[in-house]
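For reference, the structure discussed in these notes is given below.
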Amino acid sequence: VAQVEALRSLVDAFGDYAQGPRLERTPIVLDQLVRDIVELYQHDDQRVRFKLKLIAGPPGLTADSGQIRQLLHNLIVNSSEAIVQDQQAEVHIRTRLINQAGRKWLEMEVSDRGPGYPSTVLEKPFEPYVTFKASGSGLGLAICRKIVSEHDGRITIHNPAIGGACTTIILPVDV
């Protein structure tokens with residue numbers, strides 16, 4: 001039964017990755033969306049603690065809220081699974097506005113203090129089926145890249161010098 005469930009989960013994840021874009025962009029209030037998602041995780045798993053540094057809004061951000069929820073879910077799961085034994089996971093989410101190439105962007109950073117991304121993931125972070133987890137499908141970051149790309153944004157990952165893992169996303173903001 002467990003193997004069937006794992007296979008079903010893999011097929012569902014592959015279907016999410018492979019299906020074409022069907023964005024329903026609407027104005028979203030990202031800071032409230034992040035807080036709603038974090039609240040669900042705080043009630044579900046007491047081993048995960050969040051530190052938020054969010055700007056209000058921002059006005060002018062349009063996105064598919066369901067896909068942004070999926071993006072955040074994937075990143076939070078990655079960070080929360082970085083728990084070492086019985087320690088508490090600490091997930092940091094920060095947003096800010098930046099200017100690049102004459103345009104305004106929302107930058108969102110999701111980071112943790114776990115062991116960081118292994119070199120195999122850093123080499124090909126967004127390739128499907130690249131994973132270091134025993135039960136991972138290797139589609140989480142690939143799906144994140146697809147969502148960000150469909151929103152005309154960019155996503156990068158790295159291991160900060162202070163330790164842990166960091167994912168940075170930038171999304172365009174219409175003024």
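If you're wondering about the labels, chains in the structure tokens are A, B, ... by order shown, residues count from 1 in each chain, ligands from 1 in order shown.
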Going by DSSP on the backbone, which bits of stretch 3-169 of chain A are alpha helix (DSSP H)? Write them as a PDB file with N, CA and C atoms, in the first residue's frame, please.
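File produced: result-v6.pdb:
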```
ATOM      1  N   GLN A   3       3.881   1.568  -1.200  1.00  0.00           N
ATOM      2  CA  GLN A   3       4.508   1.718  -2.514  1.00  0.00           C
ATOM      3  C   GLN A   3       3.516   2.266  -3.536  1.00  0.00           C
ATOM      4  N   VAL A   4       2.275   1.837  -3.465  1.00  0.00           N
ATOM      5  CA  VAL A   4       1.243   2.337  -4.373  1.00  0.00           C
ATOM      6  C   VAL A   4       1.023   3.833  -4.120  1.00  0.00           C
ATOM      7  N   GLU A   5       0.960   4.225  -2.844  1.00  0.00           N
ATOM      8  CA  GLU A   5       0.797   5.643  -2.507  1.00  0.00           C
ATOM      9  C   GLU A   5       1.983   6.466  -2.998  1.00  0.00           C
ATOM     10  N   ALA A   6       3.185   5.932  -2.828  1.00  0.00           N
ATOM     11  CA  ALA A   6       4.383   6.649  -3.291  1.00  0.00           C
ATOM     12  C   ALA A   6       4.352   6.796  -4.804  1.00  0.00           C
ATOM     13  N   LEU A   7       3.944   5.753  -5.506  1.00  0.00           N
ATOM     14  CA  LEU A   7       3.852   5.805  -6.961  1.00  0.00           C
ATOM     15  C   LEU A   7       2.770   6.791  -7.397  1.00  0.00           C
ATOM     16  N   ARG A   8       1.628   6.789  -6.717  1.00  0.00           N
ATOM     17  CA  ARG A   8       0.546   7.729  -7.025  1.00  0.00           C
ATOM     18  C   ARG A   8       1.022   9.163  -6.832  1.00  0.00           C
ATOM     19  N   SER A   9       1.751   9.407  -5.749  1.00  0.00           N
ATOM     20  CA  SER A   9       2.281  10.740  -5.482  1.00  0.00           C
ATOM     21  C   SER A   9       3.254  11.170  -6.574  1.00  0.00           C
ATOM     22  N   LEU A  10       4.083  10.249  -7.022  1.00  0.00           N
ATOM     23  CA  LEU A  10       5.035  10.546  -8.090  1.00  0.00           C
ATOM     24  C   LEU A  10       4.316  10.873  -9.389  1.00  0.00           C
ATOM     25  N   VAL A  11       3.296  10.106  -9.724  1.00  0.00           N
ATOM     26  CA  VAL A  11       2.528  10.348 -10.951  1.00  0.00           C
ATOM     27  C   VAL A  11       1.806  11.693 -10.867  1.00  0.00           C
ATOM     28  N   ASP A  12       1.225  12.010  -9.703  1.00  0.00           N
ATOM     29  CA  ASP A  12       0.556  13.305  -9.528  1.00  0.00           C
ATOM     30  C   ASP A  12       1.545  14.457  -9.685  1.00  0.00           C
ATOM     31  N   ALA A  13       2.717  14.307  -9.089  1.00  0.00           N
ATOM     32  CA  ALA A  13       3.731  15.356  -9.193  1.00  0.00           C
ATOM     33  C   ALA A  13       4.200  15.512 -10.632  1.00  0.00           C
ATOM     34  N   PHE A  14       4.382  14.407 -11.323  1.00  0.00           N
ATOM     35  CA  PHE A  14       4.800  14.483 -12.724  1.00  0.00           C
ATOM     36  C   PHE A  14       3.711  15.158 -13.550  1.00  0.00           C
ATOM     37  N   GLY A  15       2.458  14.841 -13.280  1.00  0.00           N
ATOM     38  CA  GLY A  15       1.342  15.477 -13.984  1.00  0.00           C
ATOM     39  C   GLY A  15       1.319  16.975 -13.751  1.00  0.00           C
ATOM     40  N   ASP A  16       1.585  17.398 -12.503  1.00  0.00           N
ATOM     41  CA  ASP A  16       1.651  18.831 -12.199  1.00  0.00           C
ATOM     42  C   ASP A  16       2.772  19.496 -12.985  1.00  0.00           C
ATOM     43  N   TYR A  17       3.907  18.795 -13.091  1.00  0.00           N
ATOM     44  CA  TYR A  17       5.061  19.366 -13.790  1.00  0.00           C
ATOM     45  C   TYR A  17       4.806  19.430 -15.295  1.00  0.00           C
ATOM     46  N   ALA A  18       4.185  18.400 -15.849  1.00  0.00           N
ATOM     47  CA  ALA A  18       4.069  18.278 -17.303  1.00  0.00           C
ATOM     48  C   ALA A  18       2.920  19.079 -17.907  1.00  0.00           C
ATOM     49  N   LEU A  30       0.655  39.268  -1.241  1.00  0.00           N
ATOM     50  CA  LEU A  30       1.572  38.169  -0.949  1.00  0.00           C
ATOM     51  C   LEU A  30       1.847  38.001   0.533  1.00  0.00           C
ATOM     52  N   ASP A  31       2.003  39.106   1.259  1.00  0.00           N
ATOM     53  CA  ASP A  31       2.325  38.959   2.686  1.00  0.00           C
ATOM     54  C   ASP A  31       1.208  38.212   3.417  1.00  0.00           C
ATOM     55  N   GLN A  32      -0.046  38.465   3.068  1.00  0.00           N
ATOM     56  CA  GLN A  32      -1.151  37.756   3.713  1.00  0.00           C
ATOM     57  C   GLN A  32      -1.190  36.293   3.277  1.00  0.00           C
ATOM     58  N   LEU A  33      -0.911  36.029   2.008  1.00  0.00           N
ATOM     59  CA  LEU A  33      -0.862  34.654   1.502  1.00  0.00           C
ATOM     60  C   LEU A  33       0.215  33.865   2.241  1.00  0.00           C
ATOM     61  N   VAL A  34       1.391  34.461   2.410  1.00  0.00           N
ATOM     62  CA  VAL A  34       2.481  33.793   3.138  1.00  0.00           C
ATOM     63  C   VAL A  34       2.053  33.512   4.571  1.00  0.00           C
ATOM     64  N   ARG A  35       1.457  34.496   5.230  1.00  0.00           N
ATOM     65  CA  ARG A  35       1.028  34.303   6.629  1.00  0.00           C
ATOM     66  C   ARG A  35      -0.020  33.194   6.749  1.00  0.00           C
ATOM     67  N   ASP A  36      -0.945  33.127   5.794  1.00  0.00           N
ATOM     68  CA  ASP A  36      -1.965  32.062   5.811  1.00  0.00           C
ATOM     69  C   ASP A  36      -1.318  30.688   5.708  1.00  0.00           C
ATOM     70  N   ILE A  37      -0.360  30.548   4.803  1.00  0.00           N
ATOM     71  CA  ILE A  37       0.315  29.260   4.609  1.00  0.00           C
ATOM     72  C   ILE A  37       1.135  28.907   5.845  1.00  0.00           C
ATOM     73  N   VAL A  38       1.858  29.868   6.371  1.00  0.00           N
ATOM     74  CA  VAL A  38       2.683  29.637   7.561  1.00  0.00           C
ATOM     75  C   VAL A  38       1.812  29.207   8.740  1.00  0.00           C
ATOM     76  N   GLU A  39       0.653  29.836   8.884  1.00  0.00           N
ATOM     77  CA  GLU A  39      -0.250  29.478   9.986  1.00  0.00           C
ATOM     78  C   GLU A  39      -0.662  28.006   9.897  1.00  0.00           C
ATOM     79  N   LEU A  40      -0.931  27.529   8.700  1.00  0.00           N
ATOM     80  CA  LEU A  40      -1.285  26.107   8.537  1.00  0.00           C
ATOM     81  C   LEU A  40      -0.135  25.208   8.972  1.00  0.00           C
ATOM     82  N   TYR A  41       1.076  25.553   8.590  1.00  0.00           N
ATOM     83  CA  TYR A  41       2.231  24.742   8.961  1.00  0.00           C
ATOM     84  C   TYR A  41       2.500  24.801  10.459  1.00  0.00           C
ATOM     85  N   GLN A  42       2.289  25.948  11.075  1.00  0.00           N
ATOM     86  CA  GLN A  42       2.538  26.066  12.508  1.00  0.00           C
ATOM     87  C   GLN A  42       1.587  25.200  13.303  1.00  0.00           C
ATOM     88  N   HIS A  43       0.361  25.051  12.834  1.00  0.00           N
ATOM     89  CA  HIS A  43      -0.598  24.191  13.527  1.00  0.00           C
ATOM     90  C   HIS A  43      -0.312  22.725  13.254  1.00  0.00           C
ATOM     91  N   ASP A  44       0.243  22.433  12.081  1.00  0.00           N
ATOM     92  CA  ASP A  44       0.453  21.050  11.667  1.00  0.00           C
ATOM     93  C   ASP A  44       1.723  20.432  12.241  1.00  0.00           C
ATOM     94  N   SER A  65      -2.789  32.657  -7.436  1.00  0.00           N
ATOM     95  CA  SER A  65      -2.573  32.394  -6.006  1.00  0.00           C
ATOM     96  C   SER A  65      -2.427  30.899  -5.715  1.00  0.00           C
ATOM     97  N   GLY A  66      -3.120  30.045  -6.449  1.00  0.00           N
ATOM     98  CA  GLY A  66      -2.986  28.597  -6.249  1.00  0.00           C
ATOM     99  C   GLY A  66      -1.579  28.123  -6.571  1.00  0.00           C
ATOM    100  N   GLN A  67      -1.012  28.642  -7.649  1.00  0.00           N
ATOM    101  CA  GLN A  67       0.340  28.227  -8.011  1.00  0.00           C
ATOM    102  C   GLN A  67       1.379  28.811  -7.055  1.00  0.00           C
ATOM    103  N   ILE A  68       1.157  30.026  -6.587  1.00  0.00           N
ATOM    104  CA  ILE A  68       2.086  30.612  -5.611  1.00  0.00           C
ATOM    105  C   ILE A  68       2.017  29.830  -4.300  1.00  0.00           C
ATOM    106  N   ARG A  69       0.825  29.372  -3.931  1.00  0.00           N
ATOM    107  CA  ARG A  69       0.691  28.504  -2.751  1.00  0.00           C
ATOM    108  C   ARG A  69       1.501  27.224  -2.942  1.00  0.00           C
ATOM    109  N   GLN A  70       1.412  26.610  -4.133  1.00  0.00           N
ATOM    110  CA  GLN A  70       2.165  25.392  -4.424  1.00  0.00           C
ATOM    111  C   GLN A  70       3.664  25.653  -4.343  1.00  0.00           C
ATOM    112  N   LEU A  71       4.096  26.768  -4.887  1.00  0.00           N
ATOM    113  CA  LEU A  71       5.497  27.162  -4.842  1.00  0.00           C
ATOM    114  C   LEU A  71       5.980  27.260  -3.386  1.00  0.00           C
ATOM    115  N   LEU A  72       5.234  27.993  -2.575  1.00  0.00           N
ATOM    116  CA  LEU A  72       5.602  28.149  -1.168  1.00  0.00           C
ATOM    117  C   LEU A  72       5.569  26.818  -0.435  1.00  0.00           C
ATOM    118  N   HIS A  73       4.571  26.013  -0.716  1.00  0.00           N
ATOM    119  CA  HIS A  73       4.468  24.691  -0.091  1.00  0.00           C
ATOM    120  C   HIS A  73       5.725  23.871  -0.395  1.00  0.00           C
ATOM    121  N   ASN A  74       6.121  23.818  -1.660  1.00  0.00           N
ATOM    122  CA  ASN A  74       7.303  23.033  -2.033  1.00  0.00           C
ATOM    123  C   ASN A  74       8.551  23.529  -1.297  1.00  0.00           C
ATOM    124  N   LEU A  75       8.716  24.838  -1.231  1.00  0.00           N
ATOM    125  CA  LEU A  75       9.909  25.395  -0.588  1.00  0.00           C
ATOM    126  C   LEU A  75       9.886  25.179   0.920  1.00  0.00           C
ATOM    127  N   ILE A  76       8.724  25.317   1.542  1.00  0.00           N
ATOM    128  CA  ILE A  76       8.620  25.103   2.985  1.00  0.00           C
ATOM    129  C   ILE A  76       8.856  23.634   3.318  1.00  0.00           C
ATOM    130  N   VAL A  77       8.315  22.738   2.501  1.00  0.00           N
ATOM    131  CA  VAL A  77       8.551  21.304   2.727  1.00  0.00           C
ATOM    132  C   VAL A  77      10.044  20.999   2.628  1.00  0.00           C
ATOM    133  N   ASN A  78      10.722  21.551   1.607  1.00  0.00           N
ATOM    134  CA  ASN A  78      12.164  21.334   1.486  1.00  0.00           C
ATOM    135  C   ASN A  78      12.890  21.801   2.752  1.00  0.00           C
ATOM    136  N   SER A  79      12.543  22.987   3.228  1.00  0.00           N
ATOM    137  CA  SER A  79      13.201  23.523   4.422  1.00  0.00           C
ATOM    138  C   SER A  79      12.862  22.718   5.666  1.00  0.00           C
ATOM    139  N   SER A  80      11.604  22.332   5.806  1.00  0.00           N
ATOM    140  CA  SER A  80      11.208  21.604   7.015  1.00  0.00           C
ATOM    141  C   SER A  80      11.780  20.195   7.031  1.00  0.00           C
ATOM    142  N   SER A 119      25.812  19.020  -3.426  1.00  0.00           N
ATOM    143  CA  SER A 119      26.404  19.478  -4.690  1.00  0.00           C
ATOM    144  C   SER A 119      25.678  18.893  -5.898  1.00  0.00           C
ATOM    145  N   THR A 120      25.136  17.687  -5.783  1.00  0.00           N
ATOM    146  CA  THR A 120      24.420  17.091  -6.923  1.00  0.00           C
ATOM    147  C   THR A 120      23.183  17.898  -7.288  1.00  0.00           C
ATOM    148  N   VAL A 121      22.525  18.480  -6.280  1.00  0.00           N
ATOM    149  CA  VAL A 121      21.351  19.315  -6.532  1.00  0.00           C
ATOM    150  C   VAL A 121      21.787  20.685  -7.046  1.00  0.00           C
ATOM    151  N   LEU A 122      22.848  21.245  -6.467  1.00  0.00           N
ATOM    152  CA  LEU A 122      23.330  22.558  -6.903  1.00  0.00           C
ATOM    153  C   LEU A 122      23.792  22.540  -8.361  1.00  0.00           C
ATOM    154  N   GLU A 123      24.298  21.399  -8.826  1.00  0.00           N
ATOM    155  CA  GLU A 123      24.762  21.286 -10.209  1.00  0.00           C
ATOM    156  C   GLU A 123      23.606  21.360 -11.206  1.00  0.00           C
ATOM    157  N   GLY A 140      10.083  18.662  -6.946  1.00  0.00           N
ATOM    158  CA  GLY A 140       9.712  19.866  -6.202  1.00  0.00           C
ATOM    159  C   GLY A 140      10.312  21.134  -6.772  1.00  0.00           C
ATOM    160  N   LEU A 141      11.629  21.179  -6.934  1.00  0.00           N
ATOM    161  CA  LEU A 141      12.273  22.379  -7.468  1.00  0.00           C
ATOM    162  C   LEU A 141      11.959  22.573  -8.945  1.00  0.00           C
ATOM    163  N   ALA A 142      11.785  21.472  -9.684  1.00  0.00           N
ATOM    164  CA  ALA A 142      11.415  21.594 -11.103  1.00  0.00           C
ATOM    165  C   ALA A 142      10.042  22.252 -11.234  1.00  0.00           C
ATOM    166  N   ILE A 143       9.115  21.875 -10.372  1.00  0.00           N
ATOM    167  CA  ILE A 143       7.782  22.486 -10.377  1.00  0.00           C
ATOM    168  C   ILE A 143       7.878  23.953  -9.964  1.00  0.00           C
ATOM    169  N   CYS A 144       8.724  24.250  -8.976  1.00  0.00           N
ATOM    170  CA  CYS A 144       8.927  25.650  -8.560  1.00  0.00           C
ATOM    171  C   CYS A 144       9.425  26.486  -9.730  1.00  0.00           C
ATOM    172  N   ARG A 145      10.409  25.975 -10.455  1.00  0.00           N
ATOM    173  CA  ARG A 145      10.944  26.737 -11.594  1.00  0.00           C
ATOM    174  C   ARG A 145       9.863  26.957 -12.639  1.00  0.00           C
ATOM    175  N   LYS A 146       9.049  25.942 -12.885  1.00  0.00           N
ATOM    176  CA  LYS A 146       7.978  26.055 -13.877  1.00  0.00           C
ATOM    177  C   LYS A 146       6.984  27.144 -13.460  1.00  0.00           C
ATOM    178  N   ILE A 147       6.593  27.147 -12.202  1.00  0.00           N
ATOM    179  CA  ILE A 147       5.642  28.152 -11.707  1.00  0.00           C
ATOM    180  C   ILE A 147       6.230  29.554 -11.836  1.00  0.00           C
ATOM    181  N   VAL A 148       7.466  29.723 -11.408  1.00  0.00           N
ATOM    182  CA  VAL A 148       8.107  31.037 -11.461  1.00  0.00           C
ATOM    183  C   VAL A 148       8.261  31.488 -12.908  1.00  0.00           C
ATOM    184  N   SER A 149       8.654  30.579 -13.770  1.00  0.00           N
ATOM    185  CA  SER A 149       8.820  30.903 -15.192  1.00  0.00           C
ATOM    186  C   SER A 149       7.497  31.342 -15.814  1.00  0.00           C
ATOM    187  N   GLU A 150       6.420  30.658 -15.477  1.00  0.00           N
ATOM    188  CA  GLU A 150       5.103  31.011 -16.005  1.00  0.00           C
ATOM    189  C   GLU A 150       4.653  32.389 -15.523  1.00  0.00           C
TER     190      GLU A 150
END
```
Inset, instruction - Report the residues of chain A whose backbone DSSP state falls under strand (DSSP E), written as an MDAnalysis selection string. - result: chainID A and resid 26:27 48:53 62:63 89:100 103:112 154:158 166:172
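The coordinates place atom CA of A:Gly60 at 4.7 Å from atom CA of A:Asp174.
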Inset, instruction - Could you please determine the separation between atom CA of A:Gly114 and atom CA of A:Gln87 in Å, to one decimal place? - result: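 Pair atom CA of A:Gly114 / atom CA of A:Gln87 returns 9.9 Å.
Neighbouring residues of A:Arg103 at 10 Å or closer, counting only C-alpha atoms and skipping chain neighbours under 2 positions away, are Ile98, Asn99, Gln100, Ala101, Trp105, Pro172, Val173, Asp174 and Val175 of chain A.
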Dump as an mmCIF file, in the first residue's frame, selection limited to N, CA and C atoms:
```cif
data_model
loop_
_atom_site.group_PDB
_atom_site.id
_atom_site.type_symbol
_atom_site.label_atom_id
_atom_site.label_comp_id
_atom_site.auth_asym_id
_atom_site.auth_seq_id
_atom_site.Cartn_x
_atom_site.Cartn_y
_atom_site.Cartn_z
ATOM 1 N N ILE A 98 12.729 45.291 -5.362
ATOM 2 C CA ILE A 98 14.024 45.646 -5.937
ATOM 3 C C ILE A 98 13.795 46.214 -7.332
ATOM 4 N N ASN A 99 14.777 46.937 -7.831
ATOM 5 C CA ASN A 99 14.750 47.443 -9.202
ATOM 6 C C ASN A 99 15.856 46.759 -9.978
ATOM 7 N N GLN A 100 15.484 46.185 -11.117
ATOM 8 C CA GLN A 100 16.444 45.522 -11.990
ATOM 9 C C GLN A 100 16.033 45.760 -13.420
ATOM 10 N N ALA A 101 17.003 46.081 -14.249
ATOM 11 C CA ALA A 101 16.764 46.278 -15.680
ATOM 12 C C ALA A 101 15.615 47.264 -15.923
ATOM 13 N N TRP A 105 10.578 44.678 -9.168
ATOM 14 C CA TRP A 105 10.390 43.246 -8.926
ATOM 15 C C TRP A 105 10.152 43.005 -7.440
ATOM 16 N N PRO A 172 7.794 39.902 -11.368
ATOM 17 C CA PRO A 172 7.569 41.290 -11.807
ATOM 18 C C PRO A 172 6.382 41.924 -11.073
ATOM 19 N N VAL A 173 6.546 43.219 -10.819
ATOM 20 C CA VAL A 173 5.474 43.996 -10.180
ATOM 21 C C VAL A 173 5.094 45.099 -11.164
ATOM 22 N N ASP A 174 3.820 45.169 -11.513
ATOM 23 C CA ASP A 174 3.343 46.218 -12.408
ATOM 24 C C ASP A 174 3.022 47.454 -11.592
ATOM 25 N N VAL A 175 3.551 48.557 -12.035
ATOM 26 C CA VAL A 175 3.342 49.808 -11.290
ATOM 27 C C VAL A 175 2.166 50.548 -11.850
#
```
Inset, instruction - Find the residues near A:His151: any atom within 9 Å, counting only C-alpha atoms, skip ones fewer than 5 places away on the same chain, and give them as a ChimeraX atom specification. - result: /A:23,25,62-64,146,171-172
Inset, instruction - Write out as a PyMOL selection string each polymer residue whose atoms come within 9 Å of A:Pro58, counting only C-alpha atoms; drop sequence neighbours fewer than 3 positions from it. - result: chain A and resi 28-31+55+61+96-97+106+173
Legend entry - Residues near A:His92, cut-off 9 Å, only C-alpha atoms, skip fewer than 2 positions along chain, as a count of residues only: 12
